[in-house]
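Peer 1: The following file, run21.txt, comprises compact mmCIF, C-alpha atoms:
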# COMPACT_ATOMS: atom_id res chain seq x y z
CA MET A 22 31.72 0.55 -8.77
CA ASP A 23 32.47 2.79 -5.83
CA VAL A 24 29.81 5.10 -4.39
CA HIS A 25 30.83 8.07 -6.55
CA GLU A 26 30.68 5.95 -9.72
CA VAL A 27 27.28 4.59 -8.76
CA VAL A 28 25.88 8.07 -8.15
CA SER A 29 27.31 9.35 -11.43
CA LYS A 30 25.94 6.47 -13.49
CA ALA A 31 22.49 6.75 -11.90
CA THR A 32 22.37 10.43 -12.93
CA GLU A 33 23.27 9.44 -16.50
CA LEU A 34 20.46 6.87 -16.59
CA MET A 35 17.74 9.18 -15.30
CA PRO A 36 16.63 10.73 -18.64
CA GLY A 37 15.89 7.27 -20.00
CA LEU A 38 14.10 6.25 -16.82
CA VAL A 39 11.96 9.39 -16.98
CA LYS A 40 10.93 8.45 -20.54
CA ASP A 41 9.97 4.99 -19.28
CA LEU A 42 7.95 6.62 -16.49
CA GLU A 43 6.13 8.78 -19.04
CA THR A 44 5.40 5.77 -21.25
CA LEU A 45 3.94 3.73 -18.39
CA VAL A 46 1.86 6.55 -16.88
CA ALA A 47 0.11 6.90 -20.26
CA ILE A 48 -1.35 3.37 -19.96
CA PRO A 49 -4.51 3.28 -17.76
CA SER A 50 -3.77 -0.17 -16.32
CA ILE A 51 -6.75 -0.35 -13.94
CA ALA A 52 -7.28 -4.00 -13.00
CA PHE A 53 -10.55 -3.36 -11.15
CA PRO A 54 -13.68 -5.25 -12.31
CA GLY A 55 -15.67 -3.24 -14.85
CA TYR A 56 -12.67 -1.58 -16.46
CA PRO A 57 -11.46 -2.63 -19.93
CA PRO A 58 -8.81 -5.35 -19.91
CA GLU A 59 -6.84 -4.07 -22.92
CA PRO A 60 -4.88 -1.33 -21.06
CA VAL A 61 -3.83 -3.74 -18.31
CA GLU A 62 -2.75 -6.29 -20.90
CA GLU A 63 -0.83 -3.57 -22.76
CA MET A 64 0.86 -2.51 -19.52
CA GLY A 65 1.91 -6.10 -18.92
CA ARG A 66 3.40 -6.42 -22.40
CA VAL A 67 5.21 -3.06 -22.33
CA THR A 68 6.59 -3.70 -18.84
CA LEU A 69 7.70 -7.18 -19.88
CA GLU A 70 9.59 -5.82 -22.89
CA LEU A 71 11.32 -3.14 -20.79
CA PHE A 72 12.61 -5.69 -18.30
CA GLN A 73 13.65 -8.14 -21.01
CA LYS A 74 15.76 -5.41 -22.61
CA ALA A 75 17.20 -4.48 -19.18
CA GLY A 76 18.61 -7.98 -18.70
CA PHE A 77 15.79 -10.30 -17.61
CA SER A 78 15.84 -12.16 -20.93
CA ASN A 79 13.70 -14.99 -19.56
CA ALA A 80 11.00 -12.68 -18.16
CA ALA A 81 7.52 -13.99 -18.89
CA LEU A 82 3.88 -13.39 -18.10
CA MET A 83 3.01 -16.34 -15.87
CA ASP A 84 -0.04 -18.55 -16.20
CA VAL A 85 -2.64 -17.92 -13.50
CA PRO A 86 -6.14 -19.40 -13.16
CA SER A 87 -7.81 -15.97 -13.33
CA GLY A 88 -7.05 -12.28 -13.56
CA TYR A 89 -4.02 -10.50 -14.94
CA PRO A 90 -0.70 -12.40 -14.91
CA PRO A 91 2.35 -11.51 -12.82
CA ILE A 92 5.70 -11.14 -14.54
CA TYR A 93 8.46 -13.44 -13.28
CA ALA A 94 12.13 -13.60 -14.23
CA GLU A 95 15.52 -14.60 -12.89
CA ILE A 96 19.15 -13.68 -13.56
CA ALA A 97 21.59 -16.18 -12.11
CA GLY A 98 24.55 -14.68 -10.29
CA PRO A 99 27.84 -16.32 -9.29
CA GLU A 100 27.51 -19.68 -7.59
CA GLY A 101 26.85 -19.26 -3.89
CA SER A 102 25.92 -15.59 -4.17
CA PRO A 103 22.90 -14.24 -2.27
CA VAL A 104 19.46 -14.45 -3.88
CA VAL A 105 17.37 -11.26 -3.96
CA VAL A 106 13.75 -10.95 -5.08
CA LEU A 107 12.67 -7.54 -6.42
CA TYR A 108 8.94 -6.80 -6.13
CA ALA A 109 6.72 -4.08 -7.62
CA HIS A 110 3.32 -3.98 -9.36
CA TYR A 111 2.19 -2.75 -12.78
CA ASP A 112 -1.51 -2.06 -12.15
CA VAL A 113 -2.76 1.31 -10.92
CA GLN A 114 -5.74 2.89 -9.19
CA PRO A 115 -8.65 4.46 -11.11
CA ALA A 116 -8.55 8.22 -11.70
CA PRO A 117 -12.17 9.40 -12.04
CA PRO A 118 -12.72 13.07 -12.99
CA GLU A 119 -14.66 13.70 -9.78
CA GLN A 120 -11.42 13.28 -7.83
CA GLY A 121 -10.50 16.77 -9.00
CA TRP A 122 -7.30 16.32 -11.00
CA THR A 123 -5.59 19.53 -12.12
CA SER A 124 -3.79 17.78 -15.01
CA ASP A 125 -4.55 14.76 -17.20
CA PRO A 126 -3.95 11.71 -14.97
CA TRP A 127 -2.79 9.70 -18.00
CA VAL A 128 -0.14 12.20 -19.08
CA ALA A 129 3.07 12.42 -17.04
CA THR A 130 3.16 16.16 -16.31
CA ARG A 131 6.19 17.99 -14.93
CA LYS A 132 5.08 20.95 -12.82
CA ASP A 133 6.91 23.92 -11.28
CA ASP A 134 7.73 21.94 -8.14
CA GLY A 135 9.80 19.52 -10.19
CA ARG A 136 7.56 16.55 -9.48
CA VAL A 137 5.98 14.36 -12.17
CA TYR A 138 2.20 14.06 -11.88
CA GLY A 139 0.03 11.24 -13.17
CA ARG A 140 -1.88 8.21 -11.98
CA GLY A 141 0.56 5.55 -10.91
CA ALA A 142 3.59 7.82 -11.21
CA ALA A 143 4.37 6.98 -7.59
CA ASP A 144 2.25 3.88 -6.92
CA ASP A 145 3.87 1.87 -8.30
CA ILE A 146 5.43 2.91 -11.60
CA SER A 147 8.20 4.51 -9.56
CA GLY A 148 8.97 1.02 -8.24
CA LEU A 149 9.08 -0.45 -11.74
CA VAL A 150 11.40 2.33 -12.91
CA ALA A 151 13.67 1.94 -9.87
CA HIS A 152 14.08 -1.77 -10.61
CA LEU A 153 14.75 -1.01 -14.30
CA GLY A 154 17.38 1.51 -13.29
CA THR A 155 19.01 -0.95 -10.91
CA LEU A 156 19.37 -3.56 -13.65
CA ARG A 157 20.73 -0.99 -16.10
CA MET A 158 23.33 0.07 -13.54
CA PHE A 159 24.81 -3.42 -13.91
CA ASP A 160 24.20 -3.60 -17.68
CA GLY A 161 21.85 -6.49 -16.98
CA GLN A 162 24.41 -8.55 -15.03
CA PRO A 163 23.96 -7.96 -11.27
CA PRO A 164 26.62 -9.35 -8.90
CA CYS A 165 24.21 -11.78 -7.21
CA THR A 166 21.21 -13.83 -8.23
CA VAL A 167 18.22 -11.54 -8.79
CA LYS A 168 14.63 -12.67 -9.21
CA LEU A 169 11.83 -10.38 -10.35
CA ILE A 170 8.13 -10.51 -9.52
CA LEU A 171 5.82 -7.79 -10.86
CA GLU A 172 2.21 -8.12 -9.80
CA GLY A 173 -0.69 -7.24 -12.10
CA MET A 174 -3.52 -7.02 -9.56
CA GLU A 175 -2.09 -5.47 -6.40
CA GLU A 176 -4.68 -2.69 -6.26
CA THR A 177 -7.67 -5.07 -6.47
CA GLU A 178 -8.25 -8.75 -5.68
CA SER A 179 -4.68 -10.05 -5.84
CA ASN A 180 -4.02 -13.40 -7.46
CA LEU A 181 -0.34 -13.41 -6.55
CA GLU A 182 -0.78 -15.06 -3.15
CA ALA A 183 -2.22 -18.16 -4.78
CA PHE A 184 0.61 -18.10 -7.36
CA VAL A 185 3.25 -17.98 -4.60
CA GLU A 186 1.55 -20.82 -2.73
CA ALA A 187 1.49 -22.90 -5.92
CA HIS A 188 5.14 -22.16 -6.80
CA PRO A 189 7.04 -21.52 -3.56
CA GLU A 190 10.32 -22.68 -5.11
CA LEU A 191 10.35 -19.60 -7.36
CA PHE A 192 10.49 -17.36 -4.29
CA ALA A 193 13.27 -19.06 -2.35
CA CYS A 194 15.69 -16.26 -1.50
CA ASP A 195 17.74 -14.47 1.12
CA LEU A 196 16.06 -11.08 0.72
CA PHE A 197 12.83 -9.59 -0.59
CA VAL A 198 13.07 -5.96 -1.73
CA VAL A 199 9.53 -4.58 -1.85
CA CYS A 200 9.60 -1.30 -3.77
CA ASP A 201 6.10 -0.01 -3.05
CA MET A 202 6.64 2.33 -0.10
CA GLY A 203 8.33 5.67 0.50
CA ASN A 204 9.86 8.16 2.89
CA LEU A 205 7.73 10.38 5.11
CA ARG A 206 9.33 13.42 3.49
CA VAL A 207 11.46 13.83 0.35
CA GLY A 208 15.15 13.40 1.03
CA GLU A 209 14.75 11.91 4.52
CA PRO A 210 15.29 8.15 4.25
CA VAL A 211 13.28 5.62 6.23
CA PHE A 212 12.62 1.91 6.13
CA THR A 213 9.02 0.81 6.42
CA THR A 214 9.23 -1.73 9.22
CA ALA A 215 5.61 -2.27 10.22
CA LEU A 216 2.27 -2.53 8.45
CA ARG A 217 -1.11 -2.39 10.11
CA GLY A 218 -3.50 -5.20 9.30
CA ASP A 219 -7.15 -4.83 8.33
CA VAL A 220 -10.30 -6.53 9.56
CA ALA A 221 -13.72 -5.81 8.12
CA CYS A 222 -17.36 -6.76 8.44
CA ILE A 223 -20.83 -5.77 7.25
CA VAL A 224 -23.33 -4.92 9.97
CA THR A 225 -27.07 -4.98 9.25
CA VAL A 226 -29.49 -3.24 11.61
CA ARG A 227 -33.24 -4.01 11.49
CA THR A 228 -36.01 -2.33 13.48
CA LEU A 229 -39.23 -2.70 11.45
CA GLU A 230 -40.90 -5.30 9.28
CA HIS A 231 -41.34 -2.71 6.54
CA ALA A 232 -41.13 1.02 5.88
CA LEU A 233 -43.64 3.26 7.68
CA HIS A 234 -44.99 6.77 7.10
CA SER A 235 -42.90 9.03 9.33
CA GLY A 236 -45.80 11.36 10.03
CA VAL A 237 -48.05 8.58 11.24
CA PHE A 238 -45.49 6.43 13.10
CA GLY A 239 -42.46 8.68 13.67
CA GLY A 240 -41.46 9.08 17.34
CA PRO A 241 -42.12 5.79 19.03
CA ALA A 242 -41.28 3.61 16.01
CA PRO A 243 -37.49 3.06 15.81
CA ASP A 244 -35.76 4.02 12.56
CA ALA A 245 -33.01 1.61 11.44
CA MET A 246 -30.79 4.32 9.97
CA MET A 247 -30.85 6.29 13.21
CA ALA A 248 -30.08 3.10 15.13
CA LEU A 249 -27.17 2.37 12.78
CA ALA A 250 -25.86 5.91 13.21
CA ARG A 251 -25.86 5.54 17.00
CA LEU A 252 -24.18 2.14 16.71
CA LEU A 253 -21.46 3.54 14.46
CA SER A 254 -20.86 6.48 16.77
CA SER A 255 -20.23 4.06 19.64
CA LEU A 256 -17.14 2.74 17.85
CA GLN A 257 -15.15 5.89 18.75
CA ASP A 258 -14.85 8.01 21.86
CA ASP A 259 -15.26 11.78 21.78
CA ASP A 260 -11.62 12.26 20.73
CA GLY A 261 -11.90 9.81 17.85
CA ASN A 262 -10.01 6.92 19.46
CA VAL A 263 -11.31 3.41 18.81
CA ALA A 264 -13.67 2.51 21.66
CA VAL A 265 -13.87 -1.24 20.99
CA GLU A 266 -12.95 -3.14 24.15
CA GLY A 267 -10.10 -5.62 23.80
CA VAL A 268 -8.38 -4.26 20.68
CA THR A 269 -4.59 -3.97 20.74
CA THR A 270 -2.77 -0.64 20.92
CA GLY A 271 0.81 0.47 21.50
CA GLU A 272 3.47 3.15 21.03
CA TRP A 273 5.55 3.73 17.90
CA PRO A 274 9.32 3.62 18.58
CA GLY A 275 10.56 5.02 15.25
CA GLU A 276 10.29 8.26 13.29
CA GLN A 277 7.33 10.48 14.10
CA PHE A 278 5.15 12.43 11.67
CA ALA A 279 4.67 16.10 12.63
CA ASP A 280 1.05 17.23 12.99
CA GLU A 281 1.46 20.01 10.43
CA ASP A 282 3.08 17.65 7.89
CA PHE A 283 0.30 15.15 8.33
CA ARG A 284 -2.43 17.80 7.97
CA SER A 285 -0.81 19.02 4.77
CA SER A 286 -0.36 15.57 3.24
CA ALA A 287 -3.93 14.55 4.14
CA ASP A 288 -5.42 17.89 2.98
CA VAL A 289 -7.43 18.22 6.18
CA ILE A 290 -9.78 21.21 5.86
CA ASP A 291 -8.68 24.28 7.82
CA GLY A 292 -10.19 24.33 11.28
CA VAL A 293 -11.05 20.62 11.33
CA ALA A 294 -9.30 18.79 14.17
CA LEU A 295 -7.31 15.58 13.78
CA THR A 296 -8.88 12.56 15.44
CA GLY A 297 -7.41 10.46 18.22
CA THR A 298 -4.88 11.28 20.90
CA GLY A 299 -1.12 10.89 21.19
CA PRO A 300 1.64 11.49 18.62
CA VAL A 301 0.57 11.18 15.00
CA GLY A 302 3.00 8.30 14.41
CA ASP A 303 1.37 6.35 17.23
CA ARG A 304 -2.09 7.01 15.80
CA LEU A 305 -1.02 5.96 12.31
CA TRP A 306 1.02 2.86 13.03
CA MET A 307 0.42 1.61 16.59
CA HIS A 308 -3.20 2.57 17.32
CA PRO A 309 -6.16 0.88 15.68
CA SER A 310 -8.42 3.02 13.52
CA ILE A 311 -11.98 2.41 12.42
CA ASN A 312 -14.13 3.66 9.57
CA ALA A 313 -17.51 3.01 8.00
CA ILE A 314 -16.44 2.70 4.36
CA GLY A 315 -19.87 2.07 2.86
CA ILE A 316 -23.55 2.41 3.75
CA ASP A 317 -26.63 0.87 2.11
CA MET A 318 -29.86 2.81 2.57
CA THR A 319 -32.34 4.80 0.54
CA PRO A 320 -30.56 7.29 -1.76
CA ILE A 321 -31.53 10.95 -1.31
CA ALA A 322 -32.85 11.12 -4.89
CA THR A 323 -35.47 8.42 -4.19
CA SER A 324 -36.15 9.22 -0.52
CA SER A 325 -39.60 9.94 0.91
CA ASN A 326 -41.11 10.56 4.34
CA VAL A 327 -40.75 7.03 5.66
CA LEU A 328 -39.02 5.33 8.56
CA ILE A 329 -36.22 3.02 7.38
CA PRO A 330 -36.72 -0.65 8.35
CA GLU A 331 -33.15 -1.83 7.58
CA ALA A 332 -29.74 -0.22 7.09
CA ARG A 333 -26.29 -1.70 6.49
CA ALA A 334 -22.72 -0.47 6.82
CA LYS A 335 -19.35 -1.94 5.92
CA ILE A 336 -16.82 -1.34 8.67
CA SER A 337 -13.04 -1.49 8.29
CA MET A 338 -10.70 -1.52 11.29
CA ARG A 339 -6.94 -1.21 10.92
CA ILE A 340 -5.07 -3.27 13.50
CA VAL A 341 -1.55 -2.83 14.84
CA PRO A 342 1.59 -4.96 14.36
CA GLY A 343 1.52 -7.93 16.72
CA ALA A 344 -2.27 -8.13 16.85
CA ASN A 345 -4.15 -11.32 15.99
CA PRO A 346 -6.65 -10.44 13.23
CA GLU A 347 -9.21 -13.05 14.23
CA LYS A 348 -9.23 -11.87 17.86
CA GLU A 349 -9.44 -8.22 16.81
CA LEU A 350 -12.38 -9.04 14.53
CA ASP A 351 -14.01 -10.97 17.39
CA ALA A 352 -13.78 -7.84 19.56
CA LEU A 353 -15.32 -5.68 16.83
CA VAL A 354 -18.18 -8.10 16.24
CA ALA A 355 -18.85 -8.39 19.99
CA HIS A 356 -19.03 -4.60 20.26
CA LEU A 357 -21.49 -4.30 17.39
CA GLU A 358 -23.70 -7.06 18.74
CA SER A 359 -23.81 -5.56 22.24
CA HIS A 360 -24.19 -1.83 21.53
CA ALA A 361 -27.27 -1.62 19.33
CA PRO A 362 -29.76 0.97 20.67
CA TRP A 363 -33.39 0.09 21.46
CA ASN A 364 -32.69 -3.67 21.19
CA ALA A 365 -32.48 -3.33 17.43
CA GLN A 366 -31.69 -6.57 15.60
CA VAL A 367 -28.05 -6.73 14.57
CA GLU A 368 -26.48 -9.19 12.17
CA VAL A 369 -22.74 -9.10 11.46
CA GLN A 370 -21.07 -10.70 8.44
CA ARG A 371 -17.29 -11.10 8.72
CA THR A 372 -15.58 -10.22 5.43
CA LYS A 373 -11.84 -9.79 6.05
CA ALA A 374 -9.08 -10.60 8.54
CA ALA A 375 -5.74 -9.49 7.04
CA PRO A 376 -2.80 -9.76 9.45
CA PRO A 377 -0.33 -6.97 10.24
CA PHE A 378 3.34 -7.35 9.35
CA HIS A 379 6.59 -6.49 11.09
CA CYS A 380 10.11 -6.55 9.61
CA GLU A 381 13.01 -7.90 11.61
CA THR A 382 15.82 -5.34 11.49
CA ASP A 383 18.85 -7.19 12.85
CA GLY A 384 19.91 -9.31 9.87
CA PRO A 385 22.91 -8.90 7.54
CA ALA A 386 20.80 -7.83 4.55
CA TYR A 387 19.15 -5.16 6.67
CA ASP A 388 22.56 -3.87 7.76
CA ALA A 389 23.66 -3.72 4.13
CA ALA A 390 20.48 -1.91 3.13
CA ARG A 391 20.87 0.64 5.92
CA TRP A 392 24.41 1.40 4.76
CA ALA A 393 23.28 1.66 1.13
CA LEU A 394 20.40 4.01 1.97
CA GLU A 395 22.64 6.23 4.06
CA GLN A 396 25.12 6.48 1.18
CA ALA A 397 22.36 7.30 -1.32
CA PHE A 398 20.71 10.00 0.79
CA GLY A 399 23.66 11.25 2.81
CA LYS A 400 21.63 11.06 6.01
CA PRO A 401 20.94 8.59 8.83
CA VAL A 402 18.05 6.23 8.18
CA GLY A 403 14.93 6.14 10.33
CA GLU A 404 12.03 3.71 10.59
CA ALA A 405 8.37 4.33 9.80
CA GLY A 406 5.18 2.33 9.60
CA SER A 407 2.43 2.14 7.04
CA GLY A 408 -1.29 2.01 7.46
CA GLY A 409 -1.76 -0.29 4.49
CA SER A 410 -1.94 -4.04 4.87
CA ILE A 411 -0.13 -6.27 2.35
CA PRO A 412 -1.26 -9.87 2.99
CA LEU A 413 1.16 -11.01 0.27
CA LEU A 414 4.09 -10.41 2.62
CA ARG A 415 2.86 -13.13 4.95
CA THR A 416 2.59 -15.51 2.01
CA LEU A 417 6.13 -14.67 0.88
CA GLN A 418 7.36 -15.17 4.43
CA GLN A 419 5.84 -18.64 4.46
CA ALA A 420 7.48 -19.46 1.11
CA ALA A 421 10.91 -18.26 2.31
CA PRO A 422 10.81 -18.30 6.13
CA ASP A 423 14.49 -17.36 6.56
CA ALA A 424 14.44 -14.44 4.14
CA GLU A 425 14.72 -10.81 5.23
CA PHE A 426 12.43 -8.05 3.99
CA ILE A 427 13.32 -4.51 2.90
CA LEU A 428 10.32 -2.23 2.34
CA TRP A 429 11.14 1.10 0.69
CA GLY A 430 10.32 3.18 -2.37
CA ALA A 431 9.78 6.63 -3.91
CA GLU A 432 6.21 7.22 -2.68
CA ASP A 433 6.87 9.97 -0.14
CA THR A 434 3.96 10.27 2.28
CA ALA A 435 3.93 14.06 2.48
CA LEU A 436 3.31 14.84 -1.18
CA SER A 437 2.77 11.74 -3.37
CA ARG A 438 -1.01 11.51 -2.77
CA ILE A 439 -1.21 7.91 -3.93
CA HIS A 440 -4.77 6.73 -4.74
CA ALA A 441 -5.93 10.37 -4.76
CA SER A 442 -6.02 13.23 -7.27
CA ASP A 443 -2.75 14.75 -8.50
CA GLU A 444 -0.65 11.74 -7.56
CA SER A 445 3.02 12.57 -8.13
CA VAL A 446 6.58 11.42 -7.64
CA ASP A 447 9.82 13.25 -6.90
CA LEU A 448 12.40 12.18 -9.50
CA GLY A 449 15.22 12.63 -7.00
CA GLU A 450 13.66 9.93 -4.82
CA ILE A 451 13.76 7.50 -7.75
CA GLU A 452 17.38 8.35 -8.52
CA ARG A 453 18.47 7.91 -4.91
CA LEU A 454 16.57 4.63 -4.74
CA VAL A 455 18.42 3.33 -7.81
CA VAL A 456 21.68 4.24 -6.08
CA ALA A 457 20.60 2.51 -2.86
CA GLN A 458 19.51 -0.69 -4.61
CA THR A 459 22.71 -0.81 -6.64
CA LEU A 460 24.87 -0.40 -3.55
CA LEU A 461 22.77 -2.97 -1.71
CA LEU A 462 23.32 -5.67 -4.34
CA GLN A 463 27.02 -4.91 -4.46
CA ARG A 464 27.28 -5.01 -0.68
CA LEU A 465 25.48 -8.33 -0.48
CA ALA A 466 27.82 -9.76 -3.11
CA GLY A 467 30.87 -8.45 -1.25
CA ARG A 468 31.81 -5.98 -3.99
CA SER A 469 31.06 -2.67 -2.29
CA PRO A 470 33.65 -0.57 -0.42
CA ALA A 471 33.33 -0.40 3.34
Starting from the file, give its structure as structure tokens.
Peer 2:
Amino acid sequence: MDVHEVVSKATELMPGLVKDLETLVAIPSIAFPGYPPEPVEEMGRVTLELFQKAGFSNAALMDVPSGYPPIYAEIAGPEGSPVVVLYAHYDVQPAPPEQGWTSDPWVATRKDDGRVYGRGAADDISGLVAHLGTLRMFDGQPPCTVKLILEGMEETESNLEAFVEAHPELFACDLFVVCDMGNLRVGEPVFTTALRGDVACIVTVRTLEHALHSGVFGGPAPDAMMALARLLSSLQDDDGNVAVEGVTTGEWPGEQFADEDFRSSADVIDGVALTGTGPVGDRLWMHPSINAIGIDMTPIATSSNVLIPEARAKISMRIVPGANPEKELDALVAHLESHAPWNAQVEVQRTKAAPPFHCETDGPAYDAARWALEQAFGKPVGEAGSGGSIPLLRTLQQAAPDAEFILWGAEDTALSRIHASDESVDLGEIERLVVAQTLLLQRLAGRSPA
């Protein structure tokens, strides 16, 4: 097919793909502990059937020691043709009412802006639908060997890394296409070329043997919560930059994110300043960031006039591409242990050291993908980063060390609001992605016009 034929056929396929999107959004496939397993199991079965009908006749739910199974399949192409692995995931985030949804999160709702709203519509049902569309473009017979891996626990404690390590031969390939990203803005194509890593720890601050009456002892007796608050505040300077000595920082060389676009996509309250200094792209993708993501102390409902003897916080620090996670975590721990006020006792428990990831952009598959994306969008392609860490990519890289990686998708940063209320997807992004993936496979197989 030439480019015009590909575009035309993708448009014809879209009504069916939208129906598939609606079907999948209606299944609350939340793989988190404490949620019922039946919806996730249903999502696995329905997704499996869709891909079997699209051409992956040998698709199967794979055996794993625990958790929800990934789906794996393979379609053999002509002998000697490139091998491409398509990745997406079929589990979604929770959608509690307190998030403030304006429509039912489990009903795919088309609104006046033309977007489809619903939990998972973007992350990552759009990726599933894009892969379905790509297979249907070829009537189930792509021009090169295509493998499929659909994860069932990406949003929680993934079991796919262990599966890859146990079966590396299944992932031998020339190219991984990870369809769980998106453009910064609708219609403006970018590759995601860098992912920040994530290190985390739990810090416990102790000042007293037990709680004390604040009226009798308050003043000279140190309160652990106040000590923890001062310790946490030391992690950032007055502008909001990370103040941990020895952490890695840099400058982002690719597409930038305008301040006003970022404020809009993040729903920052009017009048509240953004934190950190430098261009927003630098702050998002080449500066570390740090947050206290949980605190253990007395709840307000059960509080009384006492000094707190012990308080704990879980701290997460995003680290930049090229940084060593163990060394970055060492720097964070050293800061916490050396900055406690009033000689408060500090104990730090290390909980996570996920590495960053960087895509090489000078290989033949990357050149083919750039051409395909430019044809699909009619615009030059930029490069962007992502704040999220995906440890799986390192595992895949170890299984296929010579493979290239393409990270893209329909989850536009400006409006998709993944993980938040009113998550949505632009259907045009899905259609253009189907076009791009179709052209990419043809190009790799030598069947696409120059």
Peer 1: Ranking A:Gly271, A:Ile427, A:Arg453, A:Glu176 by minimum distance to Pro54 of chain A and counting all atoms listed in the file, which one comes first?
Peer 2: A:Glu176
Peer 1: So which residues touch segment 40-53 of chain A within 6 Å, counting only C-alpha atoms, skipping near sequence neighbours fewer than 5 positions away, as a ChimeraX atom specification?
Peer 2: /A:60-61,112-115,127-129,174,177
Peer 1: Between A:Met158, A:Ile336, A:Leu253, A:Leu465, which residue has the minimum interatomic distance to Glu26 of chain A, considering only C-alpha atoms?
Peer 2: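 Going through A:Met158, A:Ile336, A:Leu253, A:Leu465 one by one, the smallest distance to Glu26 of chain A is for A:Met158.
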Peer 1: Enter the distance from atom CA of Asp383 of chain A to atom CA of Ala424 of chain A, in Å, rounded to one decimal.
Peer 2: 12.2 Å
Peer 1: For Thr319 of chain A, please output as an NGL selection string all residues within 12 Å (counting only C-alpha atoms; exclusion window: fewer than 2 positions along the same chain).
Peer 2: :A and (232 or 245-246 or 316-317 or 321-333)
Peer 1: Write out as a Markdown table a residue-level contact list of segment 160-192 of chain A versus segment 130-154 of chain A with cut-off 10 Å: for each qualifying residue the closest pair of atoms and the distance in Å to one decimal, counting only C-alpha atoms, rows sorted by chain and residue number upward.
Peer 2:
| residue | atom | partner | partner_atom | distance |
| --- | --- | --- | --- | --- |
| A:Asp160 | CA | A:Gly154 | CA | 9.6 |
| A:Gly161 | CA | A:Leu153 | CA | 9.4 |
| A:Leu169 | CA | A:His152 | CA | 8.9 |
| A:Leu171 | CA | A:Leu149 | CA | 8.1 |
| A:Glu175 | CA | A:Asp145 | CA | 9.6 |
| A:Glu176 | CA | A:Asp144 | CA | 9.6 |
Peer 1: Record the distance separating atom CA of Leu305 of chain A and atom CA of Arg251 of chain A, expressed in Å with one decimal.
Peer 2: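 These atoms are spaced 25.3 Å apart.
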Peer 1: Can you list, as a count of residues only, every protein, DNA or RNA residue that comes within 7 Å of Gly430 of chain A when you count all atoms listed in the file, leaving out same-chain residues fewer than 5 positions away?
Peer 2: 6
Peer 1: Just give me the gap between atom CA of Gly98 of chain A and atom CA of Arg391 of chain A in Å, one decimal is fine.
Peer 2: 22.6 Å
Peer 1: Could you tell me which of A:Pro346, A:Pro91, A:Pro118, A:Gly37 comes closest to Arg217 of chain A if we count all atoms listed in the file?
Peer 2: A:Pro346
Peer 1: Which one of A:Ala287, A:Val226, A:Ala116, A:Ala279 sits closest to Met318 of chain A if you count only C-alpha atoms?
Peer 2: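 Using only C-alpha atoms, the shortest distance to Met318 of chain A belongs to A:Val226.
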Peer 1: Determine the nearest neighbour of Lys373 of chain A from the options A:Val198, A:Val106, A:Leu448, A:Val220, counting all atoms listed in the file.
Peer 2: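 Among A:Val198, A:Val106, A:Leu448, A:Val220, it is A:Val220 that comes nearest to Lys373 of chain A.
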Peer 1: Counting all atoms listed in the file, figure out which residue out of A:Ile311, A:Ala405, A:Thr382, A:Ser255 gets nearest to Trp273 of chain A.
Peer 2: A:Ala405
Peer 1: Extract, using all atoms listed in the file, all DNA, RNA and protein residues at most 12 Å from Val263 of chain A, discarding same-chain residues fewer than 4 positions from it, and format them as a list in words.
Peer 2: Leu253, Ser254, Ser255, Leu256, Gln257, Asp258, Asp259, Gly267, Val268, Thr269, Thr270, Thr296, Gly297, Thr298, Arg304, His308, Pro309, Ser310, Ile311, Asn312, Ser337, Met338, Arg339, Ile340, Glu349, Ala352, Leu353 and His356 of chain A
Peer 1: Name the residues in contact with Ala334 of chain A at a cut-off of 7 Å, using only C-alpha atoms, excluding same-chain residues fewer than 4 positions from it; report them as a VMD selection string.
Peer 2: chain A and resid 223 to 225 313 315 to 317
